[in-house]
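J.: Input structure: run38.txt, which contains compact mmCIF, C-alpha atoms.
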```
# COMPACT_ATOMS: atom_id res chain seq x y z
CA MET A 4 98.07 90.92 118.97
CA ASN A 5 101.01 92.93 120.26
CA HIS A 6 103.87 94.31 118.24
CA ASP A 7 106.25 91.50 118.92
CA ASP A 8 103.94 88.82 117.57
CA HIS A 9 104.25 90.43 114.16
CA ASP A 10 107.97 90.51 114.39
CA HIS A 11 108.19 86.82 115.24
CA ASP A 12 106.63 86.08 111.90
CA HIS A 13 108.19 88.72 109.75
CA HIS A 14 111.44 90.02 111.11
CA HIS A 15 114.57 89.62 109.04
CA GLU A 16 118.08 88.65 109.87
CA HIS A 17 118.86 92.34 110.32
CA GLU A 18 117.16 92.21 113.71
CA HIS A 19 116.50 89.58 116.32
CA GLU A 20 113.40 89.53 118.41
CA HIS A 21 115.35 89.16 121.61
CA SER A 22 117.75 92.01 120.94
CA GLU A 23 117.67 95.23 122.95
CA LEU A 24 115.45 97.98 121.70
CA GLY A 25 117.45 100.39 119.58
CA PRO A 26 117.12 104.17 119.48
CA MET A 27 114.68 104.05 116.58
CA ASP A 28 112.49 101.47 118.34
CA LEU A 29 112.36 103.70 121.40
CA ARG A 30 111.67 106.84 119.40
CA VAL A 31 108.80 105.20 117.53
CA ARG A 32 107.42 103.62 120.68
CA ALA A 33 107.42 107.01 122.44
CA LEU A 34 105.50 108.57 119.58
CA GLU A 35 103.02 105.70 119.52
CA THR A 36 102.46 106.03 123.28
CA VAL A 37 101.87 109.78 123.10
CA LEU A 38 99.46 109.44 120.16
CA THR A 39 97.56 106.73 121.98
CA GLU A 40 97.40 108.60 125.28
CA LYS A 41 96.14 111.70 123.51
CA GLY A 42 93.40 109.68 121.88
CA TYR A 43 94.47 110.43 118.31
CA ILE A 44 94.90 106.78 117.34
CA ASP A 45 93.44 103.40 118.20
CA PRO A 46 96.51 101.23 118.85
CA ALA A 47 94.59 98.16 117.69
CA ALA A 48 94.21 99.85 114.30
CA LEU A 49 97.99 99.83 113.90
CA ASP A 50 98.13 96.06 114.09
CA VAL A 51 95.30 95.73 111.60
CA LEU A 52 97.05 98.10 109.20
CA ILE A 53 100.33 96.20 109.38
CA ASP A 54 98.65 92.83 109.06
CA THR A 55 96.70 94.06 106.04
CA TYR A 56 99.83 94.93 104.09
CA GLN A 57 101.69 91.84 105.25
CA THR A 58 99.03 89.31 104.43
CA ARG A 59 96.16 90.72 102.32
CA ILE A 60 97.29 93.54 100.07
CA GLY A 61 100.34 92.65 98.02
CA PRO A 62 101.56 91.78 94.53
CA ARG A 63 99.58 88.55 94.34
CA ASN A 64 96.54 90.81 93.83
CA GLY A 65 98.14 92.37 90.78
CA ALA A 66 99.21 88.95 89.53
CA ARG A 67 95.57 87.90 89.46
CA VAL A 68 94.71 91.01 87.44
CA VAL A 69 97.45 90.23 84.92
CA ALA A 70 96.52 86.55 84.69
CA LYS A 71 92.90 87.44 84.02
CA ALA A 72 93.98 89.93 81.36
CA TRP A 73 96.01 87.20 79.67
CA ALA A 74 93.24 84.63 79.87
CA ASP A 75 90.19 86.78 79.12
CA ALA A 76 90.25 89.13 76.12
CA GLY A 77 87.11 90.90 77.32
CA PHE A 78 88.72 91.67 80.67
CA SER A 79 91.87 92.82 78.91
CA ASP A 80 89.84 95.26 76.82
CA TRP A 81 88.10 96.53 79.94
CA LEU A 82 91.46 97.00 81.65
CA LEU A 83 92.65 99.03 78.69
CA ARG A 84 89.53 101.23 78.66
CA ASP A 85 88.86 101.62 82.41
CA ALA A 86 91.46 99.97 84.60
CA SER A 87 89.97 101.35 87.83
CA ALA A 88 86.65 99.61 87.19
CA ALA A 89 88.15 96.40 85.81
CA ILE A 90 90.49 96.04 88.78
CA ALA A 91 87.72 96.94 91.24
CA SER A 92 85.66 94.08 89.80
CA LEU A 93 88.25 91.72 91.33
CA GLY A 94 87.92 93.45 94.69
CA TYR A 95 91.07 95.58 94.59
CA THR A 96 90.23 99.20 95.34
CA GLY A 97 91.15 102.12 97.51
CA ARG A 98 94.15 103.77 99.04
CA GLN A 99 96.84 104.66 96.49
CA GLY A 100 94.93 102.92 93.71
CA GLU A 101 91.88 105.13 93.37
CA HIS A 102 92.64 106.00 89.74
CA MET A 103 94.29 103.16 87.85
CA VAL A 104 95.77 102.94 84.36
CA ALA A 105 97.04 99.64 82.94
CA VAL A 106 99.87 99.80 80.41
CA PHE A 107 100.48 96.77 78.24
CA ASN A 108 103.91 95.60 77.21
CA THR A 109 104.30 94.55 73.59
CA PRO A 110 107.28 93.41 71.53
CA ALA A 111 107.52 97.02 70.31
CA GLN A 112 107.15 98.83 73.66
CA HIS A 113 108.18 98.06 77.23
CA ASN A 114 106.64 100.07 80.07
CA LEU A 115 108.39 101.08 83.29
CA VAL A 116 106.77 102.84 86.26
CA VAL A 117 108.50 105.24 88.64
CA CYS A 118 107.72 108.11 90.99
CA THR A 119 110.64 110.51 90.74
CA LEU A 120 109.11 112.84 93.35
CA CYS A 121 108.33 110.41 96.17
CA SER A 122 107.09 106.82 96.16
CA CYS A 123 103.69 106.75 94.45
CA TYR A 124 102.80 103.13 93.76
CA PRO A 125 99.58 101.16 93.16
CA TRP A 126 99.06 99.76 96.65
CA PRO A 127 95.79 97.80 96.13
CA VAL A 128 97.39 95.63 93.45
CA LEU A 129 101.07 95.63 94.43
CA GLY A 130 101.08 96.33 98.17
CA LEU A 131 103.87 98.41 99.67
CA PRO A 132 106.66 99.56 97.37
CA PRO A 133 110.03 97.81 97.67
CA THR A 134 112.89 99.80 99.14
CA TRP A 135 114.63 100.28 95.81
CA TYR A 136 111.48 101.84 94.32
CA LYS A 137 111.59 104.55 97.00
CA SER A 138 115.35 105.10 96.79
CA ALA A 139 117.39 107.71 94.97
CA PRO A 140 119.14 105.41 92.45
CA TYR A 141 115.87 104.19 90.93
CA ARG A 142 114.01 107.49 91.14
CA SER A 143 116.84 109.44 89.54
CA ARG A 144 117.76 107.03 86.75
CA ALA A 145 114.51 105.41 85.64
CA VAL A 146 113.42 108.39 83.54
CA LYS A 147 116.81 108.92 81.90
CA ASP A 148 118.59 105.58 81.78
CA PRO A 149 115.90 102.90 81.92
CA ARG A 150 118.04 100.32 80.12
CA GLY A 151 120.73 100.84 82.70
CA VAL A 152 118.18 100.36 85.46
CA LEU A 153 116.90 97.20 83.80
CA ALA A 154 120.47 95.91 83.63
CA ASP A 155 120.66 96.28 87.42
CA PHE A 156 117.76 93.83 87.53
CA GLY A 157 119.44 91.50 85.05
CA VAL A 158 116.93 92.39 82.34
CA SER A 159 117.99 93.06 78.76
CA LEU A 160 115.44 94.06 76.12
CA PRO A 161 115.81 93.69 72.37
CA ALA A 162 117.37 96.77 70.78
CA ASP A 163 114.23 97.44 68.73
CA THR A 164 111.96 97.51 71.78
CA SER A 165 111.36 101.11 72.82
CA ILE A 166 110.83 102.05 76.45
CA ARG A 167 108.03 104.17 77.82
CA VAL A 168 108.51 105.41 81.38
CA TRP A 169 105.50 106.49 83.46
CA ASP A 170 106.39 109.03 86.14
CA SER A 171 103.55 108.92 88.71
CA THR A 172 103.31 112.64 89.40
CA ALA A 173 99.61 112.90 90.34
CA GLU A 174 97.13 110.46 91.90
CA VAL A 175 96.91 108.19 88.86
CA ARG A 176 98.64 104.87 89.48
CA TYR A 177 100.10 102.62 86.79
CA LEU A 178 100.12 98.84 86.52
CA VAL A 179 102.29 97.20 83.87
CA ILE A 180 100.74 94.20 82.13
CA PRO A 181 103.77 92.14 81.12
CA GLN A 182 103.82 90.08 77.94
CA ARG A 183 102.36 86.64 78.36
CA PRO A 184 105.17 84.07 78.28
CA ALA A 185 105.34 81.74 75.31
CA GLY A 186 104.21 78.21 76.03
CA SER A 187 101.69 79.22 78.70
CA ASP A 188 98.62 78.32 76.63
CA SER A 189 97.66 75.36 78.77
CA LEU A 190 97.72 77.20 82.08
CA ASP A 191 94.61 78.34 83.90
CA GLU A 192 94.43 81.75 85.59
CA ALA A 193 95.95 80.48 88.82
CA GLY A 194 98.84 78.92 86.92
CA LEU A 195 99.32 82.08 84.90
CA ALA A 196 99.34 84.23 88.06
CA ASP A 197 102.28 82.19 89.35
CA LEU A 198 104.34 83.49 86.43
CA VAL A 199 103.68 87.14 87.29
CA THR A 200 106.31 88.71 89.52
CA ARG A 201 105.97 92.02 91.32
CA ASP A 202 108.84 93.46 89.30
CA SER A 203 107.16 92.47 86.03
CA MET A 204 104.20 94.67 87.03
CA ILE A 205 106.49 97.64 87.70
CA GLY A 206 108.42 97.02 84.51
CA THR A 207 111.78 96.16 86.09
CA GLY A 208 111.23 92.51 85.29
CA LEU A 209 109.51 90.17 82.88
CA ALA A 210 106.99 87.45 83.58
CA MET A 211 108.63 84.13 84.37
CA PRO A 212 109.01 81.49 81.64
CA ALA A 213 106.11 79.07 81.40
CA GLY A 214 108.38 76.15 82.20
CA SER A 215 109.21 77.32 85.70
CA LEU A 216 108.42 74.75 88.35
CA PRO A 217 105.56 76.17 90.41
CA ALA A 218 103.42 76.70 87.34
CA VAL A 219 104.08 73.20 86.04
CA ALA A 220 103.18 71.74 89.40
CA ARG A 221 100.01 73.76 89.63
CA ALA A 222 98.95 73.02 86.08
CA GLY A 223 99.50 69.34 86.72
CA ALA A 224 97.50 69.46 89.92
CA SER A 225 94.55 71.17 88.29
CA ALA A 226 94.53 69.01 85.14
CA MET B 20 112.83 131.03 96.92
CA SER B 21 111.75 129.93 100.33
CA TYR B 22 110.33 126.55 99.35
CA GLN B 23 113.05 123.99 98.73
CA THR B 24 112.23 120.40 97.82
CA HIS B 25 114.92 117.78 98.23
CA ALA B 26 112.83 115.02 96.67
CA ASP B 27 112.80 115.97 92.98
CA LEU B 28 115.35 113.39 91.85
CA GLY B 29 114.46 112.62 88.23
CA GLY B 30 117.50 112.75 85.96
CA GLN B 31 120.05 113.33 88.71
CA THR B 32 123.33 111.44 88.43
CA GLY B 33 125.61 109.95 91.04
CA HIS B 34 123.14 107.96 93.11
CA GLY B 35 124.62 104.61 92.12
CA ALA B 36 123.10 101.30 91.15
CA VAL B 37 119.61 100.06 91.99
CA ARG B 38 119.67 97.20 94.49
CA PRO B 39 116.82 94.75 93.80
CA GLU B 40 115.26 92.89 96.69
CA PRO B 41 113.01 89.82 96.97
CA GLU B 42 109.27 90.20 96.62
CA GLY B 43 108.39 89.31 100.21
CA GLU B 44 110.87 91.67 101.82
CA LEU B 45 108.76 94.44 103.33
CA TRP B 46 110.71 95.67 106.35
CA HIS B 47 114.34 96.10 107.31
CA ALA B 48 113.80 96.95 110.98
CA ARG B 49 110.97 96.17 113.34
CA TRP B 50 110.13 99.83 113.89
CA GLU B 51 109.42 100.35 110.18
CA PRO B 52 105.94 98.75 110.12
CA ARG B 53 105.03 100.79 113.19
CA VAL B 54 105.98 103.99 111.35
CA LEU B 55 103.92 102.94 108.35
CA ALA B 56 100.91 102.23 110.54
CA LEU B 57 101.28 105.39 112.61
CA THR B 58 101.51 107.49 109.45
CA LEU B 59 98.37 105.91 107.99
CA ALA B 60 96.44 106.04 111.28
CA VAL B 61 97.23 109.69 111.98
CA GLY B 62 96.71 110.57 108.33
CA ALA B 63 93.21 109.09 108.62
CA THR B 64 92.32 111.57 111.37
CA GLY B 65 92.08 114.33 108.78
CA ALA B 66 94.62 116.51 110.60
CA TRP B 67 96.24 117.16 107.21
CA ASN B 68 95.96 115.97 103.62
CA ILE B 69 98.32 113.80 101.58
CA ASP B 70 99.80 116.74 99.69
CA GLN B 71 100.63 118.49 102.95
CA SER B 72 102.32 115.34 104.19
CA ARG B 73 104.33 115.04 100.96
CA ALA B 74 105.40 118.69 101.29
CA ALA B 75 106.44 118.14 104.92
CA ARG B 76 108.64 115.22 103.89
CA GLU B 77 110.20 116.64 100.75
CA THR B 78 111.36 119.79 102.53
CA LEU B 79 113.11 117.98 105.37
CA PRO B 80 116.62 119.48 105.35
CA ASP B 81 118.22 116.04 105.82
CA TYR B 82 115.93 114.28 103.30
CA GLY B 83 118.88 113.03 101.26
CA GLN B 84 120.52 111.39 104.25
CA LEU B 85 117.45 109.51 105.49
CA ASP B 86 116.04 106.20 104.37
CA TYR B 87 112.39 106.13 103.54
CA TYR B 88 110.74 105.21 106.82
CA ARG B 89 112.98 107.69 108.62
CA ILE B 90 111.67 110.30 106.21
CA TRP B 91 108.13 109.22 107.04
CA LEU B 92 108.78 109.38 110.77
CA ALA B 93 110.43 112.80 110.57
CA GLY B 94 107.60 114.05 108.37
CA LEU B 95 104.98 112.74 110.77
CA GLN B 96 106.66 114.35 113.79
CA ARG B 97 106.97 117.62 111.91
CA LEU B 98 103.30 117.66 110.92
CA LEU B 99 102.26 116.85 114.49
CA ALA B 100 104.52 119.54 115.94
CA ASP B 101 103.45 122.20 113.44
CA ARG B 102 99.83 121.71 114.45
CA GLY B 103 100.46 121.55 118.16
CA LEU B 104 99.23 117.96 118.31
CA VAL B 105 102.41 116.46 119.80
CA SER B 106 105.26 118.53 121.17
CA ALA B 107 108.94 117.82 121.65
CA ASP B 108 108.72 117.52 125.43
CA GLU B 109 106.09 114.81 125.04
CA LEU B 110 108.29 112.82 122.66
CA ALA B 111 111.19 113.16 125.08
CA ALA B 112 109.05 112.03 128.01
CA GLY B 113 107.33 109.28 126.04
CA HIS B 114 103.99 110.36 127.47
CA ALA B 115 101.27 112.92 126.86
CA LEU B 116 101.94 116.08 128.86
CA HIS B 117 99.46 118.49 127.29
CA PRO B 118 95.76 118.34 126.50
CA SER B 119 94.89 116.82 123.15
CA LEU B 120 93.34 118.89 120.38
CA PRO B 121 90.14 117.92 118.59
CA LEU B 122 90.59 116.08 115.28
CA PRO B 123 87.95 115.32 112.65
CA ARG B 124 88.17 111.52 112.97
CA ARG B 125 89.85 108.64 114.74
CA LEU B 126 90.47 105.43 112.79
CA ALA B 127 89.21 102.49 114.83
CA ALA B 128 90.57 99.01 114.19
CA GLU B 129 87.25 97.79 112.84
CA GLN B 130 87.16 100.66 110.33
CA VAL B 131 90.56 99.98 108.76
CA ALA B 132 89.49 97.59 106.00
CA ALA B 133 86.68 99.82 104.81
CA ALA B 134 88.81 102.97 104.99
CA LEU B 135 91.59 101.42 102.93
CA ALA B 136 89.14 100.00 100.39
CA LYS B 137 87.51 103.41 99.99
CA GLY B 138 90.72 105.42 99.70
CA SER B 139 90.65 109.10 98.84
CA PRO B 140 89.69 109.58 95.20
CA THR B 141 90.88 112.92 93.82
CA GLU B 142 88.69 113.21 90.73
CA ARG B 143 86.11 116.01 91.01
CA PRO B 144 83.31 117.32 88.79
CA ALA B 145 84.81 119.63 86.19
CA ALA B 146 83.71 123.27 86.40
CA THR B 147 84.97 124.07 82.90
CA PRO B 148 85.56 122.17 79.66
CA ALA B 149 89.00 120.62 79.24
CA GLY B 150 91.49 123.07 77.77
CA PHE B 151 93.36 120.43 75.82
CA ALA B 152 92.46 117.30 73.90
CA VAL B 153 94.33 114.11 73.11
CA GLY B 154 96.97 114.83 70.48
CA ASP B 155 97.38 118.52 71.32
CA ALA B 156 100.91 119.89 71.40
CA VAL B 157 101.65 121.56 74.72
CA SER B 158 104.57 123.00 76.59
CA THR B 159 105.21 122.88 80.31
CA ARG B 160 105.74 126.10 82.18
CA SER B 161 109.35 126.80 83.01
CA GLN B 162 108.88 128.90 86.12
CA ILE B 163 109.72 127.06 89.33
CA PRO B 164 106.95 127.79 91.84
CA ASP B 165 107.76 128.81 95.39
CA HIS B 166 105.61 126.05 96.87
CA HIS B 167 104.94 122.31 96.65
CA SER B 168 104.46 121.23 93.05
CA ARG B 169 104.28 117.95 91.16
CA LEU B 170 105.88 119.01 87.90
CA PRO B 171 109.40 117.54 88.04
CA ALA B 172 112.29 119.88 87.33
CA TYR B 173 113.46 117.73 84.42
CA ALA B 174 110.17 118.37 82.62
CA ARG B 175 109.94 122.14 83.06
CA GLY B 176 109.88 124.28 79.96
CA LYS B 177 109.58 121.23 77.69
CA PRO B 178 107.31 120.51 74.73
CA GLY B 179 105.14 117.43 74.83
CA ARG B 180 101.86 116.00 73.60
CA ILE B 181 98.58 115.31 75.39
CA GLU B 182 98.02 111.57 75.45
CA ARG B 183 95.29 111.14 78.07
CA VAL B 184 92.69 113.32 79.70
CA HIS B 185 92.28 112.07 83.28
CA GLY B 186 89.42 114.36 84.31
CA ALA B 187 89.49 117.16 86.86
CA HIS B 188 91.53 116.34 89.94
CA VAL B 189 92.40 118.01 93.23
CA PHE B 190 95.28 120.38 92.49
CA ALA B 191 98.25 119.26 94.58
CA ASP B 192 99.85 122.71 94.64
CA THR B 193 96.98 124.47 96.40
CA HIS B 194 96.01 121.43 98.44
CA ALA B 195 99.52 121.26 99.90
CA GLN B 196 99.39 124.92 100.87
CA GLY B 197 96.09 124.62 102.69
CA LEU B 198 94.39 126.65 99.97
CA GLY B 199 91.77 124.04 99.13
CA GLU B 200 91.27 121.48 96.41
CA GLN B 201 90.80 123.91 93.48
CA PRO B 202 90.36 121.00 91.02
CA GLN B 203 91.91 121.32 87.58
CA TRP B 204 92.00 119.19 84.46
CA LEU B 205 94.76 116.63 84.68
CA TYR B 206 96.48 115.26 81.59
CA GLY B 207 98.84 112.46 80.73
CA VAL B 208 101.55 114.21 78.71
CA VAL B 209 104.17 112.31 76.75
CA PHE B 210 107.67 113.67 76.11
CA GLU B 211 110.31 112.40 73.75
CA GLY B 212 113.51 111.30 75.46
CA ARG B 213 115.64 113.59 73.32
CA THR B 214 113.47 116.55 74.34
CA LEU B 215 114.23 115.88 77.98
CA TRP B 216 117.81 114.65 77.77
CA GLY B 217 119.21 115.83 74.46
CA ALA B 218 120.72 113.95 71.57
CA ASP B 219 122.30 111.31 73.82
CA ALA B 220 118.93 110.10 75.06
CA GLU B 221 118.17 106.41 74.70
CA PRO B 222 116.73 105.91 71.19
CA GLY B 223 112.97 105.52 71.33
CA LEU B 224 112.65 106.58 74.96
CA GLN B 225 109.43 108.34 75.89
CA VAL B 226 108.40 109.58 79.32
CA SER B 227 104.81 110.15 80.39
CA ILE B 228 104.00 112.59 83.17
CA ASP B 229 100.65 113.57 84.69
CA ILE B 230 100.32 117.36 84.64
CA TRP B 231 97.62 119.77 85.75
CA GLN B 232 96.31 122.31 83.26
CA SER B 233 97.76 125.45 84.86
CA CYS B 234 101.25 123.98 84.42
CA LEU B 235 100.73 123.71 80.64
CA GLU B 236 100.39 126.09 77.75
CA ALA B 237 99.62 125.45 74.10
CA GLY B 238 102.69 124.48 72.09
CA THR B 239 103.77 123.27 68.69
CA ALA B 240 104.80 119.71 68.06
CA GLU B 241 107.77 120.78 65.92
CA ALA B 242 109.30 122.50 68.93
CA SER B 243 110.08 119.11 70.41
CA VAL B 244 112.94 118.42 68.02
```
Can the structure in the file be given as structure tokens, please?

T.:
Amino acid sequence: MNHDDHDHDHHHEHEHEHSELGPMDLRVRALETVLTEKGYIDPAALDVLIDTYQTRIGPRNGARVVAKAWADAGFSDWLLRDASAAIASLGYTGRQGEHMVAVFNTPAQHNLVVCTLCSCYPWPVLGLPPTWYKSAPYRSRAVKDPRGVLADFGVSLPADTSIRVWDSTAEVRYLVIPQRPAGSDSLDEAGLADLVTRDSMIGTGLAMPAGSLPAVARAGASA
Amino acid sequence: MSYQTHADLGGQTGHGAVRPEPEGELWHARWEPRVLALTLAVGATGAWNIDQSRAARETLPDYGQLDYYRIWLAGLQRLLADRGLVSADELAAGHALHPSLPLPRRLAAEQVAAALAKGSPTERPAATPAGFAVGDAVSTRSQIPDHHSRLPAYARGKPGRIERVHGAHVFADTHAQGLGEQPQWLYGVVFEGRTLWGADAEPGLQVSIDIWQSCLEAGTAEASV
């Protein structure tokens, strides 16, 4: 598969596949050519890497972890005691998730994850970090003004909920387990996973209400 | 001070509002996934370690003006140039002009899945007993080191409490300087918001930071007020 095949599937309105190559495209292509000619990289590995993070490693992995934690008290306990092992049991391991800690939201405490120093993020369960996670506004404010940050996401917490921020300063990676939505008792794990957004696992969002459409449709289909 | 990081942003003001984006939005230009893949593929050669790559990025003079994949690209080019692996004339020509240097590994396409699944764990056998236990009062060192470090400026010289003992981990400071792994005990340390930000801190705010042992000293809990 060549580069452009990826872009046909995944490019955004910012760029068009038929547009001229810009300066950054040319600069990156030159580097890729030199690295390939010098034998430092296998160009086919680049396509596999990109495809992996576009199609296989993303926040749906983490959603399955959360759904299982909600549905299975034994798994939830395991996640609390040894998140690396519990998450690995679902097949999610490796790069930027070697040492995992799960932090559970409760009515008393909401958890929020940031990396003020760079962009540390639990890749095996959440995939690549969103742009805002890597950007100065979030990195600067999350540790000092988390309620203000949450307001930027349209999230407002009760005044008596305290906030714990986790600054990922070493190689430990944090996964937020959001509170299970009320009214989700009848859902199976797949239906529960549909309620789990990426942002809810970073702490900048909450899980979706149980009445939202995809979950209802799925629950109905599996009943 | 000769080492200047531009990436230590915690607590700074004036950067504006956070702009959320949809869950499926991974790229904003078609060169961005190529930069991601190039960074991972060259990183997998073993030409440098992750702490060296972080140090190369965070000391880019124009760090604050670049978006993230431009930072990654500039960091990658800098690491390659510093080691004589790719030179400026080659980038200008768009072709190899000089002999390549030997590298420990080359990541083949069929090895990608296994390499990603394995990752690079940083926990190591501990050579000494842990110096602190859960519940201990500690204080972070206030001195700003003249090299890559992972203790944010906002948490220097502050009292906190040990909340987790993560085991012994590769020490980022020495690893980034090419001085080896020198594993140390790593702790999850919790700080009260008012300790970090003063009386105006959000009520109830706590911040947890992972800190290596040599960046901590014994403290008293009362000092946090």

J.: Hey, what's within 7 Å of Val199 of chain A if we count all atoms listed in the file and toss same-chain stuff fewer than 4 positions away? As a ChimeraX atom specification, please?

T.: /A:66,203,210-211

J.: For chain B, report every residue with an atom at most 6 Å from chain A (counting all atoms listed in the file), formatted as a PyMOL selection string.

T.: chain B and resi 26-31+34-37+50+56+110+113-115+119+125+127-128+135-138+140+169+223-229

J.: What is the atom CA of Tyr173 of chain B to atom CA of Gly197 of chain B distance in Å?

T.: 26.1 Å

J.: Give me the residues near Leu116 of chain B as a list in words, where near means some atom within 9 Å (using only C-alpha atoms) and where sequence neighbours in that chain fewer than 5 positions away do not count.

T.: Val37 of chain A; Ser106, Asp108 and Glu109 of chain B

J.: What does the distance from atom CA of Asp81 of chain B to atom CA of Leu120 of chain B come to in Å, to one decimal?

T.: 29.0 Å

J.: Show which residues sit within 9 Å of Ser79 of chain A, as a ChimeraX atom specification. Count only C-alpha atoms, and ignore same-chain residues fewer than 6 positions away.

T.: /A:69,71-73,89

J.: What does the structure give for the distance between atom CA of Leu126 of chain B and atom CA of Thr64 of chain B, in Å to one decimal?

T.: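 About the pair atom CA of Leu126 of chain B and atom CA of Thr64 of chain B: they are 6.6 Å apart.
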
J.: Which polymer residues have any atom within 8 Å of an atom of segment 92-96 of chain B, counting only C-alpha atoms, with same-chain residues fewer than 3 positions away left out, as a list in words?

T.: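 Near segment 92-96 of chain B, the qualifying residues are Val31 of chain A; Val54, Thr58, Ser72, Ala75, Arg76, Leu79, Tyr88, Arg89, Leu99, Ala100 and Val105 of chain B.
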
J.: So which residues touch Ser21 of chain B within 12 Å, counting only C-alpha atoms, skipping near sequence neighbours fewer than 4 positions away, as a PyMOL selection string?

T.: chain B and resi 78+163-167
